[in-house]
$ cat target-v2.csv   # CSV, C-alpha atoms and all ligand atoms
chain,number,residue,atom,x,y,z
R,1148,MET,CA,89.4,-97.8,-69.7
R,1149,HIS,CA,86.0,-99.2,-68.9
R,1150,SER,CA,84.5,-101.8,-71.3
R,1151,ASP,CA,81.4,-101.3,-73.5
R,1152,GLU,CA,79.6,-103.6,-71.2
R,1153,PHE,CA,80.3,-101.4,-68.2
R,1154,PHE,CA,78.8,-98.4,-69.9
R,1155,MET,CA,75.8,-100.4,-71.3
R,1156,GLU,CA,75.1,-101.5,-67.7
R,1157,ARG,CA,74.7,-97.9,-66.8
R,1158,CYS,CA,72.3,-97.4,-69.8
R,1159,ILE,CA,70.1,-100.1,-68.4
R,1160,GLN,CA,70.0,-98.5,-65.0
R,1161,LEU,CA,69.0,-95.2,-66.6
R,1162,ALA,CA,66.4,-96.8,-68.7
R,1163,LYS,CA,64.7,-98.4,-65.7
R,1164,LEU,CA,64.0,-94.9,-64.3
R,1165,GLY,CA,61.3,-94.6,-66.9
R,1166,MET,CA,59.4,-97.7,-65.6
R,1167,GLY,CA,55.7,-97.2,-65.4
R,1168,GLU,CA,55.8,-93.9,-67.4
R,1169,VAL,CA,56.8,-94.7,-71.0
R,1170,ALA,CA,54.6,-97.6,-72.2
R,1171,PRO,CA,53.6,-98.3,-74.9
R,1172,ASN,CA,57.1,-97.0,-75.8
R,1173,PRO,CA,60.1,-99.1,-74.7
R,1174,LEU,CA,62.4,-98.2,-71.8
R,1175,VAL,CA,65.6,-96.7,-73.1
R,1176,GLY,CA,68.7,-95.3,-71.5
R,1177,ALA,CA,71.6,-93.5,-73.2
R,1178,LEU,CA,75.1,-92.4,-72.2
R,1179,ILE,CA,77.8,-90.3,-73.9
R,1180,VAL,CA,81.4,-91.1,-73.3
R,1181,HIS,CA,84.4,-88.9,-74.3
R,1182,LYS,CA,87.9,-90.3,-73.9
R,1183,GLY,CA,86.7,-92.8,-71.3
R,1184,GLU,CA,84.7,-90.2,-69.3
R,1185,ILE,CA,80.9,-90.0,-69.1
R,1186,ILE,CA,79.9,-86.5,-70.3
R,1187,GLY,CA,76.2,-87.0,-70.7
R,1188,GLU,CA,73.3,-89.2,-69.6
R,1189,GLY,CA,69.6,-89.5,-70.5
R,1190,TYR,CA,66.6,-91.8,-70.5
R,1191,HIS,CA,63.2,-91.9,-72.0
R,1192,GLU,CA,61.3,-90.3,-69.1
R,1193,LYS,CA,57.7,-90.2,-70.2
R,1194,TYR,CA,55.5,-91.4,-73.1
R,1195,GLY,CA,55.4,-88.7,-75.8
R,1196,PHE,CA,58.4,-86.9,-74.5
R,1197,ALA,CA,62.0,-86.8,-75.7
R,1198,HIS,CA,63.8,-90.0,-76.3
R,1199,ALA,CA,66.8,-91.1,-74.3
R,1200,GLU,CA,69.4,-90.2,-77.0
R,1201,VAL,CA,68.0,-86.6,-77.2
R,1202,ASN,CA,68.1,-86.2,-73.4
R,1203,ALA,CA,71.7,-87.5,-73.3
R,1204,ILE,CA,72.8,-85.2,-76.1
R,1205,ASN,CA,71.1,-82.2,-74.4
R,1206,SER,CA,72.8,-83.0,-71.1
R,1207,ILE,CA,76.3,-82.4,-72.3
R,1208,LYS,CA,78.0,-79.0,-71.8
R,1209,ASP,CA,80.2,-78.9,-74.9
R,1210,PRO,CA,78.5,-80.3,-78.0
R,1211,SER,CA,81.7,-80.0,-80.0
R,1212,LEU,CA,82.9,-83.1,-78.2
R,1213,LEU,CA,80.2,-85.2,-79.8
R,1214,LYS,CA,82.2,-85.8,-83.0
R,1215,GLU,CA,84.9,-87.5,-80.8
R,1216,SER,CA,82.5,-89.4,-78.5
R,1217,THR,CA,80.7,-92.7,-78.2
R,1218,ILE,CA,77.0,-92.9,-77.4
R,1219,TYR,CA,75.7,-96.0,-75.7
R,1220,VAL,CA,72.0,-96.7,-76.1
R,1221,SER,CA,70.2,-99.7,-74.8
R,1222,LEU,CA,67.9,-100.0,-77.9
R,1223,GLU,CA,68.4,-99.3,-81.5
R,1224,PRO,CA,67.7,-95.6,-82.2
R,1225,CYS,CA,64.4,-94.8,-84.0
R,1226,VAL,CA,64.1,-93.9,-87.6
R,1227,HIS,CA,60.5,-92.8,-87.9
R,1228,TYR,CA,58.8,-89.5,-87.2
R,1229,GLY,CA,56.5,-90.2,-84.3
R,1230,LYS,CA,55.8,-87.8,-81.5
R,1231,THR,CA,59.4,-86.8,-81.8
R,1232,PRO,CA,61.8,-86.6,-84.9
R,1233,PRO,CA,64.0,-89.7,-85.5
R,1234,CYS,CA,67.0,-90.0,-83.2
R,1235,VAL,CA,69.1,-91.6,-85.8
R,1236,LEU,CA,69.5,-88.2,-87.5
R,1237,LEU,CA,71.0,-86.8,-84.3
R,1238,LEU,CA,73.4,-89.6,-83.9
R,1239,THR,CA,75.1,-89.1,-87.3
R,1240,LYS,CA,77.0,-86.3,-85.6
R,1241,ILE,CA,78.7,-88.8,-83.2
R,1242,LYS,CA,81.8,-90.8,-83.9
R,1243,ARG,CA,80.7,-94.2,-82.5
R,1244,VAL,CA,77.3,-95.7,-81.6
R,1245,VAL,CA,77.1,-98.8,-79.3
R,1246,ILE,CA,73.6,-100.4,-79.3
R,1247,GLY,CA,72.3,-103.0,-76.8
R,1248,SER,CA,69.5,-104.6,-78.7
R,1249,LEU,CA,67.8,-104.2,-82.0
R,1250,ASP,CA,64.3,-102.8,-82.1
R,1251,THR,CA,62.4,-105.6,-83.7
R,1252,PHE,CA,59.3,-103.5,-83.9
R,1253,SER,CA,58.7,-103.5,-87.7
R,1254,LYS,CA,59.3,-99.8,-88.4
R,1255,VAL,CA,62.9,-99.9,-87.1
R,1256,ASN,CA,64.4,-103.3,-87.0
R,1257,GLY,CA,68.0,-102.9,-88.3
R,1258,LYS,CA,67.2,-99.7,-90.3
R,1259,GLY,CA,68.6,-97.4,-87.7
R,1260,ILE,CA,72.0,-99.2,-87.9
R,1261,GLN,CA,72.0,-99.2,-91.6
R,1262,ILE,CA,71.4,-95.5,-91.8
R,1263,LEU,CA,74.2,-94.8,-89.3
R,1264,ARG,CA,76.7,-97.0,-91.1
R,1265,GLU,CA,75.9,-95.3,-94.5
R,1266,LYS,CA,76.7,-92.0,-92.8
R,1267,GLY,CA,80.1,-93.2,-91.8
R,1268,VAL,CA,79.3,-93.8,-88.1
R,1269,GLU,CA,81.1,-96.7,-86.4
R,1270,VAL,CA,78.3,-99.0,-85.0
R,1271,LYS,CA,78.6,-101.9,-82.6
R,1272,VAL,CA,75.4,-103.9,-81.9
R,1273,GLY,CA,74.5,-106.5,-79.2
R,1274,VAL,CA,76.3,-105.3,-76.1
R,1275,LEU,CA,74.6,-106.9,-73.1
R,1276,GLU,CA,71.8,-107.8,-75.6
R,1277,GLU,CA,70.0,-110.3,-73.3
R,1278,ALA,CA,69.8,-107.8,-70.5
R,1279,CYS,CA,68.7,-105.1,-72.9
R,1280,ARG,CA,65.9,-107.3,-74.2
R,1281,ALA,CA,64.9,-108.3,-70.7
R,1282,LEU,CA,64.5,-104.6,-69.9
R,1283,ASN,CA,61.8,-104.4,-72.6
R,1284,LYS,CA,60.3,-107.8,-72.2
R,1285,HIS,CA,56.8,-106.3,-72.3
R,1286,PHE,CA,57.4,-104.3,-75.5
R,1287,PHE,CA,59.2,-107.2,-77.3
R,1288,THR,CA,56.5,-109.8,-76.3
R,1289,PHE,CA,53.7,-107.5,-77.5
R,1290,ASN,CA,55.4,-106.7,-80.8
R,1291,GLU,CA,56.9,-110.1,-81.6
R,1292,SER,CA,54.3,-112.5,-80.2
R,1293,HIS,CA,51.2,-110.3,-80.6
R,1294,ARG,CA,50.1,-110.7,-77.0
R,1295,PRO,CA,50.8,-109.0,-73.7
R,1296,TYR,CA,53.6,-110.2,-71.5
R,1297,ILE,CA,51.9,-112.3,-68.8
R,1298,LEU,CA,52.9,-112.4,-65.1
R,1299,LEU,CA,51.1,-114.7,-62.8
R,1300,LYS,CA,51.0,-113.7,-59.2
R,1301,TRP,CA,49.7,-115.3,-56.0
R,1302,ALA,CA,50.3,-115.7,-52.3
R,1303,GLN,CA,50.3,-119.1,-50.7
R,1304,SER,CA,50.8,-120.6,-47.3
R,1305,MET,CA,53.8,-122.7,-46.4
R,1306,ASP,CA,51.7,-125.8,-47.1
R,1307,GLY,CA,50.5,-124.5,-50.5
R,1308,PHE,CA,47.0,-123.1,-49.9
R,1309,ILE,CA,45.8,-119.8,-51.4
R,1310,ASP,CA,42.7,-119.3,-49.2
R,1311,LYS,CA,40.9,-120.6,-46.2
R,1312,ASP,CA,37.1,-120.7,-45.8
R,1313,ALA,CA,36.9,-118.6,-49.0
R,1314,LYS,CA,39.0,-115.8,-47.5
R,1315,GLN,CA,42.2,-115.1,-49.5
R,1316,TYR,CA,45.4,-115.9,-47.8
R,1317,TRP,CA,47.6,-112.9,-47.4
R,1318,VAL,CA,51.2,-112.8,-46.1
R,1319,SER,CA,51.8,-110.5,-43.2
R,1320,ALA,CA,54.8,-108.5,-44.0
R,1321,PRO,CA,53.9,-104.9,-45.3
R,1322,GLU,CA,57.2,-105.0,-47.2
R,1323,THR,CA,55.9,-107.8,-49.3
R,1324,GLN,CA,52.7,-105.7,-50.0
R,1325,THR,CA,55.0,-102.9,-51.3
R,1326,ILE,CA,56.5,-105.4,-53.8
R,1327,VAL,CA,53.1,-106.2,-55.2
R,1328,HIS,CA,52.1,-102.6,-55.5
R,1329,LYS,CA,55.5,-101.8,-57.2
R,1330,LEU,CA,54.8,-104.5,-59.7
R,1331,ARG,CA,51.3,-103.2,-60.4
R,1332,SER,CA,52.8,-99.8,-61.2
R,1333,GLU,CA,55.1,-101.5,-63.7
R,1334,TYR,CA,52.4,-103.3,-65.6
R,1335,GLN,CA,49.7,-101.8,-67.8
R,1336,GLY,CA,46.9,-104.2,-66.8
R,1337,VAL,CA,45.8,-106.4,-63.9
R,1338,LEU,CA,43.4,-109.3,-64.4
R,1339,VAL,CA,41.2,-111.2,-62.0
R,1340,GLY,CA,38.2,-113.5,-62.2
R,1341,ARG,CA,34.7,-112.8,-60.9
R,1342,LYS,CA,35.1,-115.0,-57.8
R,1343,THR,CA,38.1,-113.0,-56.7
R,1344,VAL,CA,36.1,-109.8,-56.9
R,1345,GLN,CA,33.2,-111.4,-55.0
R,1346,SER,CA,35.3,-112.9,-52.2
R,1347,ASP,CA,38.0,-110.2,-51.7
R,1348,ASN,CA,36.5,-107.1,-53.2
R,1349,PRO,CA,39.9,-105.7,-54.2
R,1350,THR,CA,40.6,-102.3,-55.7
R,1351,LEU,CA,43.7,-103.5,-57.6
R,1352,THR,CA,45.2,-100.1,-57.4
R,1353,VAL,CA,48.8,-98.9,-56.5
R,1354,ARG,CA,48.8,-97.7,-52.9
R,1355,ALA,CA,51.9,-98.9,-51.1
R,1356,TYR,CA,54.1,-97.5,-53.9
R,1357,ARG,CA,54.3,-94.5,-56.2
R,1358,GLY,CA,53.1,-94.9,-59.8
R,1359,LYS,CA,50.2,-95.3,-62.2
R,1360,ASN,CA,47.3,-97.6,-61.5
R,1361,PRO,CA,47.0,-100.5,-64.0
R,1362,ILE,CA,43.9,-100.9,-66.1
R,1363,ARG,CA,41.7,-103.4,-64.2
R,1364,ILE,CA,40.4,-106.3,-66.3
R,1365,VAL,CA,37.7,-108.6,-64.8
R,1366,ILE,CA,36.4,-111.8,-66.3
R,1367,ASP,CA,32.6,-111.7,-65.6
R,1368,SER,CA,31.0,-113.8,-68.4
R,1369,GLU,CA,27.4,-113.4,-67.3
R,1370,LEU,CA,27.7,-109.9,-65.7
R,1371,ARG,CA,27.0,-111.1,-62.2
R,1372,LEU,CA,29.2,-108.6,-60.4
R,1373,LYS,CA,27.5,-106.0,-58.3
R,1374,GLN,CA,28.1,-102.3,-59.3
R,1375,GLU,CA,29.1,-101.6,-55.6
R,1376,SER,CA,32.3,-103.7,-56.0
R,1377,LEU,CA,35.3,-101.6,-55.5
R,1378,ILE,CA,36.6,-102.6,-58.9
R,1379,PHE,CA,34.0,-100.2,-60.4
R,1380,ASN,CA,35.2,-97.2,-58.5
R,1381,ASP,CA,36.7,-94.3,-60.5
R,1382,GLU,CA,40.3,-94.8,-59.3
R,1383,ALA,CA,41.3,-96.5,-62.5
R,1384,PRO,CA,39.8,-97.6,-65.8
R,1385,THR,CA,38.1,-101.0,-65.7
R,1386,VAL,CA,37.4,-103.5,-68.5
R,1387,ILE,CA,34.7,-106.2,-68.1
R,1388,LEU,CA,35.2,-109.2,-70.4
R,1389,ASN,CA,31.9,-110.9,-70.9
R,1390,THR,CA,29.5,-112.7,-73.3
R,1391,GLN,CA,26.6,-110.3,-73.1
R,1392,LYS,CA,27.4,-106.6,-73.6
R,1393,GLN,CA,29.7,-104.3,-75.6
R,1394,ASN,CA,29.7,-100.7,-74.3
R,1395,HIS,CA,32.0,-97.9,-73.2
R,1396,THR,CA,31.6,-95.1,-70.7
R,1397,ASP,CA,34.3,-92.8,-69.2
R,1398,ASN,CA,36.2,-95.2,-67.1
R,1399,LEU,CA,34.3,-98.4,-67.8
R,1400,SER,CA,34.3,-100.7,-70.8
R,1401,TRP,CA,32.4,-103.9,-71.5
R,1402,ILE,CA,34.0,-106.2,-74.1
R,1403,LYS,CA,31.8,-108.9,-75.5
R,1404,LEU,CA,33.5,-112.1,-76.4
R,1405,GLU,CA,31.9,-115.1,-78.3
R,1406,LYS,CA,33.5,-117.4,-75.8
R,1407,VAL,CA,35.5,-116.6,-72.7
R,1408,THR,CA,38.7,-118.7,-72.8
R,1409,SER,CA,42.3,-117.9,-71.9
R,1410,SER,CA,43.1,-117.3,-75.5
R,1411,THR,CA,40.1,-115.0,-76.3
R,1412,ILE,CA,40.9,-113.1,-73.1
R,1413,ILE,CA,44.5,-112.5,-74.2
R,1414,ASP,CA,43.5,-111.6,-77.7
R,1415,ALA,CA,41.0,-109.0,-76.4
R,1416,ILE,CA,43.7,-107.5,-74.1
R,1417,TYR,CA,46.2,-107.4,-77.0
R,1418,LYS,CA,43.6,-105.5,-79.1
R,1419,LEU,CA,43.3,-103.0,-76.4
R,1420,GLY,CA,47.0,-102.3,-76.9
R,1421,ILE,CA,47.9,-103.4,-73.4
R,1422,GLN,CA,51.5,-104.7,-73.5
R,1423,SER,CA,51.7,-106.3,-70.1
R,1424,ILE,CA,49.3,-107.9,-67.5
R,1425,ILE,CA,49.5,-109.3,-64.0
R,1426,ILE,CA,47.0,-112.1,-63.4
R,1427,GLU,CA,46.2,-112.0,-59.7
R,1428,GLY,CA,43.7,-114.8,-59.3
R,1429,GLY,CA,41.9,-116.8,-58.3
R,1430,ARG,CA,42.9,-120.4,-58.7
R,1431,LYS,CA,40.6,-121.2,-61.7
R,1432,THR,CA,41.8,-118.2,-63.6
R,1433,LEU,CA,45.5,-118.7,-62.9
R,1434,GLN,CA,45.3,-122.4,-63.7
R,1435,SER,CA,43.5,-121.9,-67.0
R,1436,PHE,CA,46.4,-119.7,-68.2
R,1437,ILE,CA,49.0,-122.2,-67.0
R,1438,ASP,CA,47.3,-125.1,-68.7
R,1439,ALA,CA,47.1,-123.0,-72.0
R,1440,LYS,CA,50.8,-122.2,-71.6
R,1441,LEU,CA,49.8,-118.6,-71.8
R,1442,TRP,CA,52.2,-117.1,-69.3
R,1443,ASP,CA,55.8,-115.8,-69.2
R,1444,GLU,CA,56.7,-115.4,-65.5
R,1445,ALA,CA,55.1,-116.3,-62.2
R,1446,LEU,CA,55.7,-114.7,-58.9
R,1447,VAL,CA,54.7,-116.7,-55.9
R,1448,ILE,CA,54.8,-115.2,-52.4
R,1449,GLN,CA,55.0,-117.9,-49.7
R,1450,GLY,CA,54.2,-117.0,-46.1
R,1451,GLU,CA,55.4,-118.8,-42.9
R,1452,GLU,CA,52.1,-120.1,-41.7
R,1453,CYS,CA,50.3,-123.4,-42.5
R,1454,LEU,CA,46.6,-123.3,-43.3
R,1455,VAL,CA,46.1,-127.1,-43.3
R,1456,SER,CA,43.1,-126.8,-45.5
R,1457,GLY,CA,41.6,-124.5,-48.2
R,1458,THR,CA,42.0,-124.0,-51.9
R,1459,LYS,CA,45.2,-125.5,-53.3
R,1460,ALA,CA,47.6,-123.1,-55.1
R,1461,PRO,CA,47.9,-123.5,-58.9
R,1462,THR,CA,50.4,-126.0,-60.2
R,1463,LEU,CA,53.2,-124.8,-62.4
R,1464,ASN,CA,55.2,-128.0,-63.2
R,1465,THR,CA,58.5,-126.1,-63.3
R,1466,GLN,CA,61.2,-125.3,-60.9
R,1467,ALA,CA,61.7,-121.8,-59.4
R,1468,THR,CA,64.6,-120.0,-60.9
R,1469,GLU,CA,64.9,-117.6,-58.1
R,1470,GLU,CA,64.1,-117.9,-54.3
R,1471,ILE,CA,64.5,-114.8,-52.1
R,1472,ASP,CA,63.9,-114.6,-48.4
R,1473,PHE,CA,62.0,-111.4,-47.8
R,1474,PHE,CA,61.0,-110.2,-44.3
R,1475,GLY,CA,60.0,-113.7,-43.2
R,1476,ASP,CA,58.3,-114.5,-46.5
R,1477,GLN,CA,59.7,-116.3,-49.5
R,1478,ILE,CA,59.5,-114.9,-53.0
R,1479,LEU,CA,59.7,-117.5,-55.7
R,1480,THR,CA,60.1,-116.6,-59.4
R,1481,TYR,CA,59.3,-119.0,-62.3
R,1482,TYR,CA,59.8,-118.6,-66.0
R,1483,ASN,CA,57.8,-120.4,-68.7
R,1484,VAL,CA,60.6,-121.5,-71.0
Y,1,ZN,ZN,64.2,-92.0,-80.8
$ encode --input "target-v2.csv" --output "structure tokens" --more "lines below"
Ligand SMILES: [Zn+2]
Amino acid sequence: MHSDEFFMERCIQLAKLGMGEVAPNPLVGALIVHKGEIIGEGYHEKYGFAHAEVNAINSIKDPSLLKESTIYVSLEPCVHYGKTPPCVLLLTKIKRVVIGSLDTFSKVNGKGIQILREKGVEVKVGVLEEACRALNKHFFTFNESHRPYILLKWAQSMDGFIDKDAKQYWVSAPETQTIVHKLRSEYQGVLVGRKTVQSDNPTLTVRAYRGKNPIRIVIDSELRLKQESLIFNDEAPTVILNTQKQNHTDNLSWIKLEKVTSSTIIDAIYKLGIQSIIIEGGRKTLQSFIDAKLWDEALVIQGEECLVSGTKAPTLNTQATEEIDFFGDQILTYYNV
């Protein structure tokens, strides 16, 4: 017989298949086991569509087995009528429910479990809880800390420079480019400062991977950016944070802030309902978030070359928790703990 952890691991794998498609909902995977055998699987595939539990239940051939089965679900089942009816009602037909993490989002938090127990369902909570929470780090940070989950990302040379003669340093391996584009597809927003737009003219879209483009957010306090910048093209929505103008057109919004600081920026992004952002530069922007301790994770891609001079990479004052050699580059991951 496999353990509860074994089946929960599979739920996490399933949940991840919804990455980039379900926000602002959480990623959820579900699995139905009858006498040690998996008889149904499902995950939350797309925002507004059926929840993981519903998909798992619908995938089984013989519904009469449900009353003798266990359902594993990575997140506490919902209790409210949203775009779909509450899953908890469906689960009362099942013998045993194993839950990864509680849904701390105020409408659910513990209520799902309470209802199930009242209906005589056997409930176990907290199986691979840490991994289940990490799966929805964006969702939990947004709902618990009232700000988006913040990933800092930059590329640097072996000797720690991020540009040379005002030209951004970029590592050579196309495989590394794919990683960056995959990340963009998994985050709801991507933020850069004005200087990055002026020097690199990025599009900040997802090209070397499949998936949705993030909302592009640019800090341009005095509205100095030219409308020809690629950031203003219609490939993705763009938000300009500034001190001059508040306006909204189809794909373009200007949000006026009294003062532009790392905390007013994050607050504005939170109010837009954006649960996760990647901050892609430049140094001044990145360092201001580091200094304000407004970051969760940093991904630093280090190439093989030395630039000798240029702009120094931001300083994190913490050790990398993960170092991966990747097609000649090094990928370093840091967490703000
Ligand atoms: Zn549900």
$ residues_near_ligand --input "target-v2.csv" --ligand "ligand ZN 1 (chain Y)" --cutoff "8 Å" --atoms "all atoms listed in the file" --output "JSON, numbers by chain"
{"R": [1197, 1198, 1199, 1200, 1201, 1224, 1225, 1226, 1231, 1232, 1233, 1234, 1235]}
$ write_last_selection --input "target-v2.csv" --atoms "C-alpha atoms" --output "mmCIF file, in the frame of the given file"
data_model
loop_
_atom_site.group_PDB
_atom_site.id
_atom_site.type_symbol
_atom_site.label_atom_id
_atom_site.label_comp_id
_atom_site.auth_asym_id
_atom_site.auth_seq_id
_atom_site.Cartn_x
_atom_site.Cartn_y
_atom_site.Cartn_z
ATOM 1 C CA ALA R 1197 62.000 -86.800 -75.700
ATOM 2 C CA HIS R 1198 63.800 -90.000 -76.300
ATOM 3 C CA ALA R 1199 66.800 -91.100 -74.300
ATOM 4 C CA GLU R 1200 69.400 -90.200 -77.000
ATOM 5 C CA VAL R 1201 68.000 -86.600 -77.200
ATOM 6 C CA PRO R 1224 67.700 -95.600 -82.200
ATOM 7 C CA CYS R 1225 64.400 -94.800 -84.000
ATOM 8 C CA VAL R 1226 64.100 -93.900 -87.600
ATOM 9 C CA THR R 1231 59.400 -86.800 -81.800
ATOM 10 C CA PRO R 1232 61.800 -86.600 -84.900
ATOM 11 C CA PRO R 1233 64.000 -89.700 -85.500
ATOM 12 C CA CYS R 1234 67.000 -90.000 -83.200
ATOM 13 C CA VAL R 1235 69.100 -91.600 -85.800
#
$ closest_residue --input "target-v2.csv" --among "R:Tyr1228, R:Phe1436, R:Tyr1219, R:Phe1196" --to "R:Lys1242" --atoms "all atoms listed in the file"
R:Tyr1219
$ residues_around --input "target-v2.csv" --residues "R:Asn1290" --least-positions-apart "4" --cutoff "10 Å" --atoms "all atoms listed in the file" --output "VMD selection string"
chain R and resid 1250 to 1253 1284 to 1286 1294 to 1295 1417 1422
$ closest_residue --input "target-v2.csv" --among "R:Val1344, R:Val1272, R:Leu1377, R:Ile1246" --to "R:Ala1177" --atoms "all atoms listed in the file"
R:Ile1246
$ closest_atom_pairs --input "target-v2.csv" --of "stretch 1291-1321 of chain R" --to "stretch 1423-1430 of chain R" --cutoff "12 Å" --atoms "only C-alpha atoms" --output "CSV"
residue,atom,partner,partner_atom,distance
R:His1293,CA,R:Ser1423,CA,11.2
R:Arg1294,CA,R:Ser1423,CA,8.3
R:Pro1295,CA,R:Ser1423,CA,4.6
R:Tyr1296,CA,R:Ser1423,CA,4.6
R:Ile1297,CA,R:Ile1424,CA,5.3
R:Leu1298,CA,R:Ile1425,CA,4.7
R:Leu1299,CA,R:Ile1426,CA,4.9
R:Lys1300,CA,R:Glu1427,CA,5.1
R:Trp1301,CA,R:Glu1427,CA,6.1
R:Ala1302,CA,R:Glu1427,CA,9.2
R:Gln1303,CA,R:Arg1430,CA,11.0
R:Gly1307,CA,R:Arg1430,CA,11.9
R:Phe1308,CA,R:Arg1430,CA,10.1
R:Ile1309,CA,R:Arg1430,CA,7.9
R:Asp1310,CA,R:Gly1429,CA,9.5
R:Ala1313,CA,R:Gly1429,CA,10.7
R:Lys1314,CA,R:Gly1429,CA,11.2
R:Gln1315,CA,R:Gly1429,CA,9.0
R:Tyr1316,CA,R:Gly1429,CA,11.1
$ closest_residue --input "target-v2.csv" --among "R:Ser1304, R:Arg1363, R:Arg1157, R:Leu1237" --to "R:Gly1457" --atoms "all atoms listed in the file"
R:Ser1304
$ residues_around --input "target-v2.csv" --residues "R:Glu1451" --least-positions-apart "2" --cutoff "10 Å" --atoms "all atoms listed in the file" --output "mmCIF file with C-alpha atoms, in the coordinates of the input"
data_model
loop_
_atom_site.group_PDB
_atom_site.id
_atom_site.type_symbol
_atom_site.label_atom_id
_atom_site.label_comp_id
_atom_site.auth_asym_id
_atom_site.auth_seq_id
_atom_site.Cartn_x
_atom_site.Cartn_y
_atom_site.Cartn_z
ATOM 1 C CA GLN R 1303 50.300 -119.100 -50.700
ATOM 2 C CA SER R 1304 50.800 -120.600 -47.300
ATOM 3 C CA MET R 1305 53.800 -122.700 -46.400
ATOM 4 C CA ASP R 1306 51.700 -125.800 -47.100
ATOM 5 C CA VAL R 1318 51.200 -112.800 -46.100
ATOM 6 C CA SER R 1319 51.800 -110.500 -43.200
ATOM 7 C CA GLN R 1449 55.000 -117.900 -49.700
ATOM 8 C CA CYS R 1453 50.300 -123.400 -42.500
ATOM 9 C CA LEU R 1454 46.600 -123.300 -43.300
ATOM 10 C CA GLY R 1475 60.000 -113.700 -43.200
ATOM 11 C CA ASP R 1476 58.300 -114.500 -46.500
ATOM 12 C CA GLN R 1477 59.700 -116.300 -49.500
#
$ residues_around --input "target-v2.csv" --residues "R:Glu1405" --least-positions-apart "2" --cutoff "8 Å" --atoms "all atoms listed in the file" --output "tab-separated table (two decimals) with C-alpha atoms, in the coordinates of the input"
chain	number	residue	atom	x	y	z
R	1390	THR	CA	29.50	-112.70	-73.30
R	1403	LYS	CA	31.80	-108.90	-75.50
R	1407	VAL	CA	35.50	-116.60	-72.70
$ residues_near_point --input "target-v2.csv" --point "(36.7, -98.6, -77.1)" --cutoff "12 Å" --atoms "only C-alpha atoms" --output "PyMOL selection string"
chain R and resi 1384-1387+1393-1403+1415-1416+1418-1420
$ closest_residue --input "target-v2.csv" --among "R:Thr1462, R:Pro1349, R:Ile1179, R:Glu1444" --to "R:Tyr1482" --atoms "all atoms listed in the file"
R:Glu1444
$ closest_residue --input "target-v2.csv" --among "R:Ser1368, R:Thr1352, R:Ser1409, R:Thr1343" --to "R:Asp1381" --atoms "all atoms listed in the file"
R:Thr1352
$ atom_distance --input "target-v2.csv" --atom1 "atom CA of R:Ile1471" --atom2 "atom CA of R:Asn1483"
18.8 Å
$ closest_residue --input "target-v2.csv" --among "R:Ile1478, R:Leu1275, R:Val1244, R:Ile1378" --to "R:Leu1263" --atoms "all atoms listed in the file"
R:Val1244
